[in-house]
>>> print(open('model_21.cif').read())   # mmCIF, C-alpha atoms
data_target
#
loop_
_atom_site.label_atom_id
_atom_site.label_comp_id
_atom_site.auth_asym_id
_atom_site.auth_seq_id
_atom_site.Cartn_x
_atom_site.Cartn_y
_atom_site.Cartn_z
CA MET I 3 175.20 318.29 229.44
CA ALA I 4 173.52 320.41 232.11
CA ILE I 5 174.57 324.03 232.80
CA LEU I 6 175.06 325.50 236.28
CA GLY I 7 175.47 329.25 235.86
CA SER I 8 178.27 329.49 233.28
CA MET I 9 179.90 326.28 234.50
CA LYS I 10 179.56 322.96 232.70
CA ILE I 11 178.80 320.02 235.00
CA GLN I 12 180.85 316.91 234.28
CA ASP I 13 178.93 313.69 233.73
CA ALA I 14 180.31 311.36 236.40
CA ARG I 15 178.27 308.45 235.10
CA SER I 16 181.09 307.75 232.61
CA PHE I 17 183.59 307.39 235.47
CA SER I 18 184.55 304.04 236.87
CA ALA I 19 183.13 303.05 240.26
CA GLU I 20 186.48 303.82 241.91
CA GLU I 21 186.66 307.27 240.28
CA GLN I 22 183.12 308.09 241.38
CA GLU I 23 183.90 307.06 244.94
CA ARG I 24 187.08 309.21 245.02
CA LEU I 25 185.10 312.19 243.69
CA ARG I 26 182.46 311.84 246.40
CA LYS I 27 185.09 311.65 249.13
CA ARG I 28 186.99 314.68 247.80
CA VAL I 29 183.81 316.76 247.66
CA VAL I 30 182.76 315.81 251.19
CA LEU I 31 186.29 316.40 252.50
CA ALA I 32 186.27 319.90 250.97
CA VAL I 33 182.92 320.71 252.61
CA ARG I 34 184.17 319.39 255.95
CA GLY I 35 187.19 321.67 255.54
CA GLY I 36 184.99 324.75 255.41
CA MET I 37 184.06 325.06 251.75
CA SER I 38 180.36 325.81 251.16
CA GLN I 39 178.31 323.29 249.22
CA GLY I 40 177.73 325.77 246.41
CA GLU I 41 181.46 326.50 246.15
CA ALA I 42 182.26 322.77 246.17
CA ALA I 43 179.80 322.24 243.35
CA ARG I 44 181.55 324.91 241.25
CA VAL I 45 185.08 323.69 242.02
CA PHE I 46 184.40 320.02 241.29
CA ARG I 47 181.91 320.75 238.49
CA VAL I 48 179.06 318.72 239.94
CA SER I 49 175.49 319.70 240.77
CA ARG I 50 174.61 321.21 244.14
CA MET I 51 172.04 318.44 244.59
CA SER I 52 174.80 315.82 244.30
CA VAL I 53 176.92 317.64 246.86
CA CYS I 54 173.95 317.87 249.24
CA THR I 55 173.21 314.14 248.78
CA TRP I 56 176.80 313.04 249.38
CA VAL I 57 177.20 315.22 252.47
CA GLY I 58 173.92 313.86 253.84
CA ARG I 59 175.04 310.28 253.26
CA TRP I 60 178.33 310.98 255.03
CA ARG I 61 176.58 312.52 258.03
CA GLU I 62 174.31 309.48 258.37
CA GLY I 63 176.80 306.68 257.70
CA GLY I 64 180.28 308.11 257.66
CA GLU I 65 182.83 307.44 254.95
CA LYS I 66 181.46 303.95 254.32
CA ALA I 67 178.24 305.52 253.01
CA LEU I 68 180.25 307.08 250.16
CA ALA I 69 181.56 303.75 248.88
CA SER I 70 180.42 302.59 245.47
CA ALA I 71 177.91 299.80 245.45
CA LYS I 72 178.52 296.75 243.31
CA ARG I 73 177.10 297.32 239.84
CA GLY I 74 174.78 295.02 237.97
CA ARG I 75 171.79 292.96 239.02
CA PRO I 76 172.13 291.66 242.60
CA PRO I 77 172.57 287.87 242.77
CA GLY I 78 169.45 285.84 243.44
CA LYS I 79 167.10 288.51 242.06
CA ARG I 80 165.94 286.62 238.99
CA LEU I 81 163.26 283.97 238.70
CA LYS I 82 164.09 280.64 237.15
CA GLY I 83 162.01 279.35 234.27
CA TRP I 84 160.00 276.90 236.33
CA GLN I 85 159.32 279.59 238.93
CA ALA I 86 158.05 282.01 236.28
CA ALA I 87 155.75 279.29 234.90
CA ALA I 88 154.41 278.62 238.40
CA VAL I 89 153.63 282.33 238.90
CA VAL I 90 151.78 282.56 235.57
CA ASN I 91 149.73 279.44 236.32
CA THR I 92 148.85 280.79 239.77
CA VAL I 93 147.75 284.19 238.46
CA VAL I 94 145.67 282.65 235.67
CA ASP I 95 144.04 279.82 237.63
CA HIS I 96 143.62 281.24 241.14
CA THR I 97 142.57 284.38 242.96
CA PRO I 98 144.64 285.89 245.79
CA GLU I 99 141.85 285.08 248.24
CA GLN I 100 142.13 281.39 247.44
CA LEU I 101 145.75 281.56 248.58
CA GLN I 102 144.79 283.38 251.82
CA PHE I 103 146.32 286.65 250.60
CA PRO I 104 144.77 289.96 251.76
CA PHE I 105 144.06 290.99 248.17
CA MET I 106 141.00 290.79 245.95
CA LEU I 107 142.93 291.13 242.67
CA TRP I 108 146.32 290.21 241.25
CA THR I 109 148.09 293.56 241.51
CA ARG I 110 151.85 293.93 241.18
CA GLU I 111 152.04 294.08 244.97
CA ALA I 112 150.08 290.85 245.30
CA VAL I 113 152.32 289.05 242.80
CA GLN I 114 155.37 290.51 244.55
CA LYS I 115 154.17 289.07 247.87
CA TYR I 116 153.45 285.67 246.30
CA ILE I 117 156.96 285.50 244.76
CA ARG I 118 158.60 286.55 248.02
CA GLU I 119 156.73 283.99 250.13
CA GLN I 120 156.83 281.14 247.62
CA PHE I 121 160.38 281.46 246.27
CA LYS I 122 162.16 283.74 248.79
CA VAL I 123 163.00 286.18 245.99
CA GLN I 124 162.58 289.91 246.66
CA LEU I 125 161.62 291.92 243.57
CA SER I 126 160.53 295.53 243.21
CA VAL I 127 156.99 296.21 242.00
CA TRP I 128 158.47 297.69 238.80
CA THR I 129 160.41 294.49 238.12
CA VAL I 130 157.26 292.45 238.82
CA GLY I 131 155.37 294.61 236.31
CA ARG I 132 158.04 294.02 233.65
CA TYR I 133 157.93 290.29 234.34
CA LEU I 134 154.12 290.19 234.02
CA ARG I 135 154.17 292.01 230.68
CA SER I 136 156.97 289.80 229.33
CA TRP I 137 154.91 286.72 230.30
CA GLY I 138 152.02 287.88 228.11
CA LEU I 139 149.82 289.13 230.96
CA SER I 140 148.07 292.50 230.96
CA VAL I 141 146.02 294.64 233.31
CA GLN I 142 142.34 293.82 232.79
CA LYS I 143 139.01 294.63 234.35
CA PRO I 144 137.76 291.38 235.91
CA ALA I 145 134.35 290.00 235.09
CA GLY I 146 132.00 289.61 238.02
CA ARG I 147 130.48 286.32 239.07
CA ALA I 148 127.87 285.88 241.77
CA LEU I 149 128.92 283.88 244.81
CA GLU I 150 125.53 282.12 244.66
CA GLN I 151 126.25 280.68 241.21
CA ASP I 152 126.18 276.87 241.25
CA PRO I 153 129.18 275.46 239.31
CA VAL I 154 127.41 272.11 238.96
CA ALA I 155 124.36 273.76 237.37
CA VAL I 156 126.60 275.76 235.04
CA ALA I 157 128.47 272.62 233.97
CA ARG I 158 125.16 270.83 233.37
CA TRP I 159 123.95 273.74 231.23
CA LEU I 160 127.11 273.78 229.13
CA GLU I 161 127.48 270.02 228.74
CA GLU I 162 123.89 268.79 228.65
CA GLU I 163 121.06 271.33 228.62
CA TYR I 164 122.19 273.76 225.93
CA PRO I 165 123.43 271.02 223.55
CA ALA I 166 119.99 269.39 223.92
CA ILE I 167 118.26 272.71 223.14
CA ARG I 168 120.44 273.15 220.09
CA ARG I 169 119.68 269.65 218.79
CA GLN I 170 115.95 270.21 219.36
CA ALA I 171 116.09 273.55 217.54
CA LYS I 172 117.76 271.89 214.59
CA ARG I 173 115.11 269.17 214.43
CA GLU I 174 112.22 271.66 214.62
CA ARG I 175 113.90 274.36 212.50
CA ALA I 176 113.69 276.84 215.36
CA GLN I 177 115.79 279.97 215.80
CA ILE I 178 117.56 280.31 219.18
CA TYR I 179 117.51 283.76 220.81
CA TRP I 180 119.07 284.95 224.05
CA GLY I 181 117.04 287.67 225.77
CA ASP I 182 117.46 290.12 228.64
CA GLU I 183 116.21 293.45 229.94
CA MET I 184 117.85 296.35 231.74
CA GLY I 185 117.05 299.77 233.14
CA LEU I 186 118.79 303.04 232.22
CA ARG I 187 119.04 306.09 234.48
CA SER I 188 119.64 309.71 233.59
CA ASP I 189 122.52 310.03 236.09
CA HIS I 190 124.49 307.07 234.76
CA GLN I 191 127.88 307.88 233.28
CA SER I 192 130.76 305.76 232.00
CA GLY I 193 134.26 306.41 230.77
CA ARG I 194 136.88 308.87 231.99
CA THR I 195 137.91 312.40 231.12
CA TRP I 196 141.19 314.31 231.31
CA GLY I 197 141.62 317.02 233.91
CA LEU I 198 144.15 318.69 236.19
CA ARG I 199 145.72 316.34 238.68
CA GLY I 200 144.05 316.69 242.06
CA ARG I 201 141.04 318.52 240.63
CA THR I 202 138.20 316.17 239.67
CA PRO I 203 136.29 317.44 236.61
CA THR I 204 132.54 317.91 236.92
CA VAL I 205 129.97 316.88 234.32
CA PRO I 206 127.01 319.24 234.02
CA GLY I 207 123.56 317.72 233.73
CA THR I 208 120.00 318.02 234.83
CA GLY I 209 119.24 317.39 238.48
CA ARG I 210 116.02 315.58 237.57
CA ARG I 211 116.21 311.82 237.61
CA PHE I 212 114.38 309.79 235.03
CA GLY I 213 114.88 306.58 233.15
CA CYS I 214 113.70 304.05 230.63
CA SER I 215 114.16 300.34 230.08
CA LEU I 216 115.30 298.12 227.25
CA ILE I 217 114.39 294.52 226.47
CA SER I 218 116.25 292.77 223.69
CA ALA I 219 117.06 289.41 222.13
CA VAL I 220 120.00 288.36 219.95
CA THR I 221 121.01 285.33 217.89
CA ASN I 222 124.47 284.01 217.13
CA ARG I 223 123.86 284.83 213.47
CA GLY I 224 123.61 288.56 214.13
CA THR I 225 119.86 289.10 214.48
CA LEU I 226 118.78 291.72 217.02
CA ARG I 227 115.26 292.54 218.24
CA PHE I 228 114.50 295.14 220.91
CA MET I 229 111.84 297.27 222.58
CA VAL I 230 112.30 300.47 224.61
CA PHE I 231 109.72 301.23 227.30
CA ARG I 232 109.21 303.47 230.34
CA GLN I 233 106.84 301.53 232.57
CA ARG I 234 107.82 298.91 235.10
CA PHE I 235 108.83 295.55 233.68
CA THR I 236 105.77 293.33 234.08
CA ALA I 237 104.29 290.21 232.50
CA LYS I 238 102.22 292.45 230.22
CA VAL I 239 105.35 294.21 228.92
CA PHE I 240 107.17 290.92 228.49
CA LEU I 241 104.28 289.40 226.54
CA ASP I 242 104.18 292.46 224.29
CA PHE I 243 107.81 291.84 223.43
CA LEU I 244 107.24 288.10 222.89
CA ARG I 245 104.43 288.82 220.41
CA ARG I 246 106.68 291.18 218.47
CA LEU I 247 109.51 288.65 218.53
CA VAL I 248 107.29 285.87 217.16
CA ARG I 249 105.88 288.17 214.47
CA ASP I 250 109.32 289.35 213.31
CA ALA I 251 110.96 285.91 213.42
CA GLY I 252 108.43 284.25 211.15
CA ARG I 253 109.44 280.84 212.49
CA LEU I 254 109.54 278.87 215.74
CA VAL I 255 111.51 280.76 218.41
CA PHE I 256 113.52 279.24 221.25
CA LEU I 257 114.15 282.08 223.73
CA ILE I 258 116.77 281.64 226.47
CA VAL I 259 116.41 284.01 229.43
CA ASP I 260 117.35 284.24 233.09
CA ARG I 261 115.07 283.29 235.97
CA HIS I 262 113.53 286.72 236.55
CA PRO I 263 110.10 286.38 238.27
CA VAL I 264 108.37 288.03 235.30
CA HIS I 265 109.74 285.37 232.94
CA ARG I 266 108.09 282.68 235.10
CA ALA I 267 104.86 284.51 235.88
CA ARG I 268 101.61 282.52 235.57
CA GLU I 269 100.27 284.90 232.94
CA VAL I 270 103.37 284.26 230.84
CA GLU I 271 103.15 280.48 231.34
CA ARG I 272 99.53 280.44 230.23
CA TRP I 273 100.28 282.46 227.10
CA LEU I 274 103.26 280.26 226.23
CA GLY I 275 101.09 277.18 226.61
CA LYS I 276 98.76 278.53 223.95
CA HIS I 277 101.58 279.48 221.59
CA ALA I 278 103.89 276.48 221.96
CA GLU I 279 104.09 276.15 218.18
CA GLU I 280 105.44 279.68 217.90
CA ILE I 281 107.74 280.20 220.88
CA ARG I 282 109.24 278.29 223.81
CA LEU I 283 111.16 279.56 226.82
CA PHE I 284 114.34 278.07 228.31
CA PHE I 285 116.06 279.24 231.49
CA LEU I 286 119.74 279.81 232.22
CA PRO I 287 121.21 278.58 235.52
CA ALA I 288 120.53 280.93 238.42
CA TYR I 289 122.96 283.83 238.97
CA SER I 290 124.65 283.29 235.60
CA PRO I 291 124.44 286.50 233.55
CA ASP I 292 127.91 285.72 232.20
CA LEU I 293 126.35 282.88 230.17
CA ASN I 294 123.99 285.26 228.37
CA PRO I 295 125.41 286.96 225.22
CA ASP I 296 122.67 289.60 225.47
CA GLU I 297 124.43 290.93 228.59
CA PHE I 298 127.25 292.10 226.34
CA LEU I 299 124.75 294.06 224.27
CA ASN I 300 123.52 295.67 227.50
CA ASN I 301 127.07 296.67 228.42
CA ASP I 302 127.60 298.06 224.93
CA VAL I 303 124.48 300.22 225.20
CA LYS I 304 125.38 301.49 228.67
CA GLN I 305 128.91 302.38 227.59
CA ASN I 306 128.32 303.84 224.14
CA ALA I 307 124.67 304.79 223.67
CA HIS I 308 123.95 306.24 227.08
CA GLY I 309 126.87 306.57 229.49
CA ARG I 310 128.97 309.00 227.45
CA GLN I 311 126.31 311.70 227.13
CA ARG I 312 123.83 313.23 229.55
CA PRO I 313 120.26 313.43 228.14
CA ALA I 314 118.15 316.35 229.31
CA THR I 315 114.80 314.55 228.97
CA VAL I 316 113.47 311.01 228.95
CA GLU I 317 112.48 311.50 225.31
CA GLU I 318 116.08 312.33 224.43
CA MET I 319 117.29 309.29 226.36
CA GLU I 320 114.89 306.97 224.55
CA GLY I 321 115.84 308.52 221.23
CA ASN I 322 119.55 307.98 221.85
CA VAL I 323 119.00 304.33 222.75
CA ARG I 324 116.74 303.65 219.77
CA VAL I 325 119.15 305.25 217.30
CA TYR I 326 122.01 303.16 218.68
CA MET I 327 119.97 299.95 218.60
CA PHE I 328 118.76 300.55 215.03
CA SER I 329 122.37 301.16 214.01
CA THR I 330 123.49 297.94 215.70
CA GLN I 331 120.68 296.03 213.98
CA LYS I 332 122.15 296.99 210.63
CA HIS I 333 125.53 295.44 211.54
CA PRO I 334 125.09 291.69 212.23
CA ASP I 335 128.85 291.35 212.62
CA VAL I 336 128.68 293.57 215.71
CA VAL I 337 125.98 291.37 217.23
CA CYS I 338 127.98 288.24 216.39
CA ASN I 339 130.93 289.73 218.30
CA TYR I 340 128.92 289.53 221.51
CA PHE I 341 129.26 285.76 221.19
CA GLN I 342 133.06 285.91 221.10
CA ALA I 343 133.47 286.43 224.84
CA LYS I 344 134.97 283.44 226.61
CA THR I 345 131.91 282.70 228.76
CA VAL I 346 129.50 282.52 225.80
CA ARG I 347 131.56 280.69 223.23
CA TYR I 348 129.46 277.63 224.02
CA ALA I 349 126.90 279.10 221.57
CA PRO I 350 128.69 279.03 218.18
CA HIS I 351 127.06 279.61 214.80
#
>>> encode(input="model_21.cif", output="structure tokens")
Amino acid sequence: MAILGSMKIQDARSFSAEEQERLRKRVVLAVRGGMSQGEAARVFRVSRMSVCTWVGRWREGGEKALASAKRGRPPGKRLKGWQAAAVVNTVVDHTPEQLQFPFMLWTREAVQKYIREQFKVQLSVWTVGRYLRSWGLSVQKPAGRALEQDPVAVARWLEEEYPAIRRQAKRERAQIYWGDEMGLRSDHQSGRTWGLRGRTPTVPGTGRRFGCSLISAVTNRGTLRFMVFRQRFTAKVFLDFLRRLVRDAGRLVFLIVDRHPVHRAREVERWLGKHAEEIRLFFLPAYSPDLNPDEFLNNDVKQNAHGRQRPATVEEMEGNVRVYMFSTQKHPDVVCNYFQAKTVRYAPH
């Protein structure tokens, strides 16, 4: 129970609706009769804020504004079972843009608007949030997908091309790798930090910009091969990595990569033609990084090996990346987890 000076404030929440309404009217009537709001608060043992609120309501709407509202959930404010199922299916299978909504993502406000327009039911954003959680939905960072991606080509890869590669690899006792490369910059940062509200924390670091690159390849059995380099990614660099990959694998390698110009360079094609018994290249559909498990390794490195600390030199940056990659190499289960994402489950063990 709250204390106002030496006076105990009564808890009117335990009163009936009629008793609460009578109390409000008595307080306002006393103030209208000349009693100060502070004195009314002491006499009726309520808070000064309550007195101020009730007087304000009376001034705006008269005595009717002091009436008790009907308790309980307003009628027509709940979704029926079939309506809830329709909302879940819409959120899971469609984007707001597809429904001509002015939203990019399914926020509580977007779902609120959909429910209001589709079912004529007005819910608060807080109620919508409770509904979404109770339906098994959660706030998630969406995965990106290029607008140029061809769904037909993706379907062909999943249903025809990759299964054919897998059957061929089994016949020829080849090991399938997925490869990719990425650049790292000294000013990249990931994650968040705590700080005072309204005052954005600063992260100290060198003003010099530098970077290095990483090329890697993974298998669905947990094998990881990588190479860290500073120079521009060229056919010469790529061939250096391919030679290392062939040497370390000790068997025929099927390497799946994207359609980067270096991967299709004439110099690379000529070398592959001479080493067809050691390694062969296969290409993912255009604009489809989500189909490459090695992309999840890249994200892991950016988040945990590089983005959470600020290297002072390029040597320190390279060292951090190498240490993290060597550590990941020793844990095949971590590499296998990259294949658990929904978009790459087409490549099981």
>>> residues_around(input="model_21.cif", residues="Cys338 in chain I", least_positions_apart="5", cutoff="10 Å", atoms="all atoms listed in the file", output="ChimeraX atom specification")
/I:220-226,295,333,350-351
>>> atom_distance(input="model_21.cif", atom1="CA of Tyr164 in chain I", atom2="CA of Leu257 in chain I")
11.8 Å
>>> closest_residue(input="model_21.cif", among="I:Asn300, I:Thr315, I:Ser136, I:Gln170", to="Gly185 in chain I", atoms="all atoms listed in the file")
I:Asn300
>>> residues_around(input="model_21.cif", residues="range 85-89 of chain I", least_positions_apart="3", cutoff="12 Å", atoms="only C-alpha atoms", output="JSON, numbers by chain")
{"I": [80, 81, 82, 92, 93, 94, 95, 96, 97, 98, 108, 110, 112, 113, 114, 115, 116, 117, 118, 119, 120, 121, 122, 123, 130, 133, 134, 136, 137, 138, 139]}
>>> residues_around(input="model_21.cif", residues="Glu271 in chain I", least_positions_apart="2", cutoff="12 Å", atoms="all atoms listed in the file", output="NGL selection string")
:I and (237 or 240-241 or 263-269 or 273-278 or 281-284)
>>> resolve_selection(input="model_21.cif", expression="the PyMOL selection byres ((chain I and resi 227) around 12)", output="PyMOL selection string")
chain I and resi 179-183+216-221+224-226+228-230+243-251+257+296+299+324+327-332+334+337
>>> resolve_selection(input="model_21.cif", expression="the PyMOL selection byres ((chain I and resi 317) around 12)", output="VMD selection string")
chain I and resid 188 212 to 214 230 to 232 313 to 316 318 to 324
>>> atom_distance(input="model_21.cif", atom1="CA of Arg253 in chain I", atom2="CA of Glu279 in chain I")
9.1 Å
>>> closest_residue(input="model_21.cif", among="I:Phe298, I:Leu254, I:Leu286, I:Glu111", to="Thr129 in chain I", atoms="only C-alpha atoms")
I:Glu111
>>> resolve_selection(input="model_21.cif", expression="the PyMOL selection byres ((chain I and resi 25) around 12)", output="ChimeraX atom specification")
/I:12-15,17-24,26-32,42-43,45-48,52-53,56,68-70
>>> atom_distance(input="model_21.cif", atom1="CA of Cys54 in chain I", atom2="CA of Gln39 in chain I")
7.0 Å
>>> closest_residue(input="model_21.cif", among="I:Gln305, I:Ser140, I:Gln177, I:Gln151", to="Asp292 in chain I", atoms="all atoms listed in the file")
I:Gln151
>>> axis_aligned_box(input="model_21.cif", around="range 216-235 of chain I", padding_each_side="5 Å", output="JSON")
{"center_x": 115.7, "center_y": 293.7, "center_z": 224.3, "size_x": 27.6, "size_y": 29.5, "size_z": 31.6}
>>> decode(input="model_21.cif", residues="range 209-232 of chain I", atoms="N, CA and C atoms", output="PDB file, in the first residue's frame")
ATOM      1  N   GLY I 209      42.005   4.237 -37.341  1.00  0.00           N
ATOM      2  CA  GLY I 209      41.358   4.895 -38.468  1.00  0.00           C
ATOM      3  C   GLY I 209      41.833   4.362 -39.808  1.00  0.00           C
ATOM      4  N   ARG I 210      42.879   3.541 -39.792  1.00  0.00           N
ATOM      5  CA  ARG I 210      43.384   2.962 -41.040  1.00  0.00           C
ATOM      6  C   ARG I 210      42.498   1.806 -41.466  1.00  0.00           C
ATOM      7  N   ARG I 211      42.223   1.762 -42.754  1.00  0.00           N
ATOM      8  CA  ARG I 211      41.403   0.674 -43.284  1.00  0.00           C
ATOM      9  C   ARG I 211      42.292  -0.344 -43.985  1.00  0.00           C
ATOM     10  N   PHE I 212      42.062  -1.579 -43.662  1.00  0.00           N
ATOM     11  CA  PHE I 212      42.792  -2.658 -44.320  1.00  0.00           C
ATOM     12  C   PHE I 212      41.892  -3.879 -44.322  1.00  0.00           C
ATOM     13  N   GLY I 213      42.335  -4.914 -44.979  1.00  0.00           N
ATOM     14  CA  GLY I 213      41.500  -6.101 -45.056  1.00  0.00           C
ATOM     15  C   GLY I 213      42.262  -7.314 -45.552  1.00  0.00           C
ATOM     16  N   CYS I 214      41.578  -8.436 -45.490  1.00  0.00           N
ATOM     17  CA  CYS I 214      42.103  -9.674 -46.044  1.00  0.00           C
ATOM     18  C   CYS I 214      40.917 -10.469 -46.572  1.00  0.00           C
ATOM     19  N   SER I 215      41.194 -11.576 -47.209  1.00  0.00           N
ATOM     20  CA  SER I 215      40.134 -12.392 -47.792  1.00  0.00           C
ATOM     21  C   SER I 215      40.271 -13.833 -47.348  1.00  0.00           C
ATOM     22  N   LEU I 216      39.171 -14.537 -47.454  1.00  0.00           N
ATOM     23  CA  LEU I 216      39.132 -15.946 -47.050  1.00  0.00           C
ATOM     24  C   LEU I 216      38.439 -16.753 -48.131  1.00  0.00           C
ATOM     25  N   ILE I 217      39.045 -17.855 -48.537  1.00  0.00           N
ATOM     26  CA  ILE I 217      38.404 -18.812 -49.427  1.00  0.00           C
ATOM     27  C   ILE I 217      38.344 -20.135 -48.689  1.00  0.00           C
ATOM     28  N   SER I 218      37.211 -20.813 -48.770  1.00  0.00           N
ATOM     29  CA  SER I 218      37.025 -22.027 -47.990  1.00  0.00           C
ATOM     30  C   SER I 218      36.146 -23.014 -48.741  1.00  0.00           C
ATOM     31  N   ALA I 219      36.145 -24.244 -48.252  1.00  0.00           N
ATOM     32  CA  ALA I 219      35.299 -25.299 -48.798  1.00  0.00           C
ATOM     33  C   ALA I 219      34.928 -26.240 -47.667  1.00  0.00           C
ATOM     34  N   VAL I 220      33.672 -26.704 -47.657  1.00  0.00           N
ATOM     35  CA  VAL I 220      33.189 -27.573 -46.588  1.00  0.00           C
ATOM     36  C   VAL I 220      32.468 -28.780 -47.190  1.00  0.00           C
ATOM     37  N   THR I 221      32.410 -29.854 -46.430  1.00  0.00           N
ATOM     38  CA  THR I 221      31.636 -31.030 -46.820  1.00  0.00           C
ATOM     39  C   THR I 221      30.564 -31.282 -45.771  1.00  0.00           C
ATOM     40  N   ASN I 222      29.549 -32.056 -46.151  1.00  0.00           N
ATOM     41  CA  ASN I 222      28.481 -32.346 -45.193  1.00  0.00           C
ATOM     42  C   ASN I 222      28.888 -33.382 -44.156  1.00  0.00           C
ATOM     43  N   ARG I 223      30.130 -33.840 -44.203  1.00  0.00           N
ATOM     44  CA  ARG I 223      30.649 -34.737 -43.185  1.00  0.00           C
ATOM     45  C   ARG I 223      31.598 -34.025 -42.219  1.00  0.00           C
ATOM     46  N   GLY I 224      31.664 -32.688 -42.332  1.00  0.00           N
ATOM     47  CA  GLY I 224      32.417 -31.921 -41.353  1.00  0.00           C
ATOM     48  C   GLY I 224      33.822 -31.539 -41.738  1.00  0.00           C
ATOM     49  N   THR I 225      34.231 -31.811 -42.989  1.00  0.00           N
ATOM     50  CA  THR I 225      35.573 -31.422 -43.426  1.00  0.00           C
ATOM     51  C   THR I 225      35.595 -29.946 -43.805  1.00  0.00           C
ATOM     52  N   LEU I 226      36.647 -29.254 -43.420  1.00  0.00           N
ATOM     53  CA  LEU I 226      36.816 -27.832 -43.737  1.00  0.00           C
ATOM     54  C   LEU I 226      38.227 -27.589 -44.247  1.00  0.00           C
ATOM     55  N   ARG I 227      38.329 -26.919 -45.400  1.00  0.00           N
ATOM     56  CA  ARG I 227      39.615 -26.475 -45.947  1.00  0.00           C
ATOM     57  C   ARG I 227      39.508 -24.972 -46.197  1.00  0.00           C
ATOM     58  N   PHE I 228      40.613 -24.246 -45.960  1.00  0.00           N
ATOM     59  CA  PHE I 228      40.547 -22.800 -46.139  1.00  0.00           C
ATOM     60  C   PHE I 228      41.911 -22.234 -46.497  1.00  0.00           C
ATOM     61  N   MET I 229      41.901 -20.989 -46.955  1.00  0.00           N
ATOM     62  CA  MET I 229      43.123 -20.246 -47.257  1.00  0.00           C
ATOM     63  C   MET I 229      42.846 -18.766 -47.039  1.00  0.00           C
ATOM     64  N   VAL I 230      43.702 -18.103 -46.278  1.00  0.00           N
ATOM     65  CA  VAL I 230      43.598 -16.667 -46.027  1.00  0.00           C
ATOM     66  C   VAL I 230      44.610 -15.950 -46.914  1.00  0.00           C
ATOM     67  N   PHE I 231      44.189 -14.873 -47.573  1.00  0.00           N
ATOM     68  CA  PHE I 231      45.099 -14.156 -48.458  1.00  0.00           C
ATOM     69  C   PHE I 231      44.757 -12.667 -48.463  1.00  0.00           C
ATOM     70  N   ARG I 232      45.723 -11.846 -48.911  1.00  0.00           N
ATOM     71  CA  ARG I 232      45.533 -10.396 -48.931  1.00  0.00           C
ATOM     72  C   ARG I 232      45.267  -9.845 -50.328  1.00  0.00           C
TER      73      ARG I 232
END
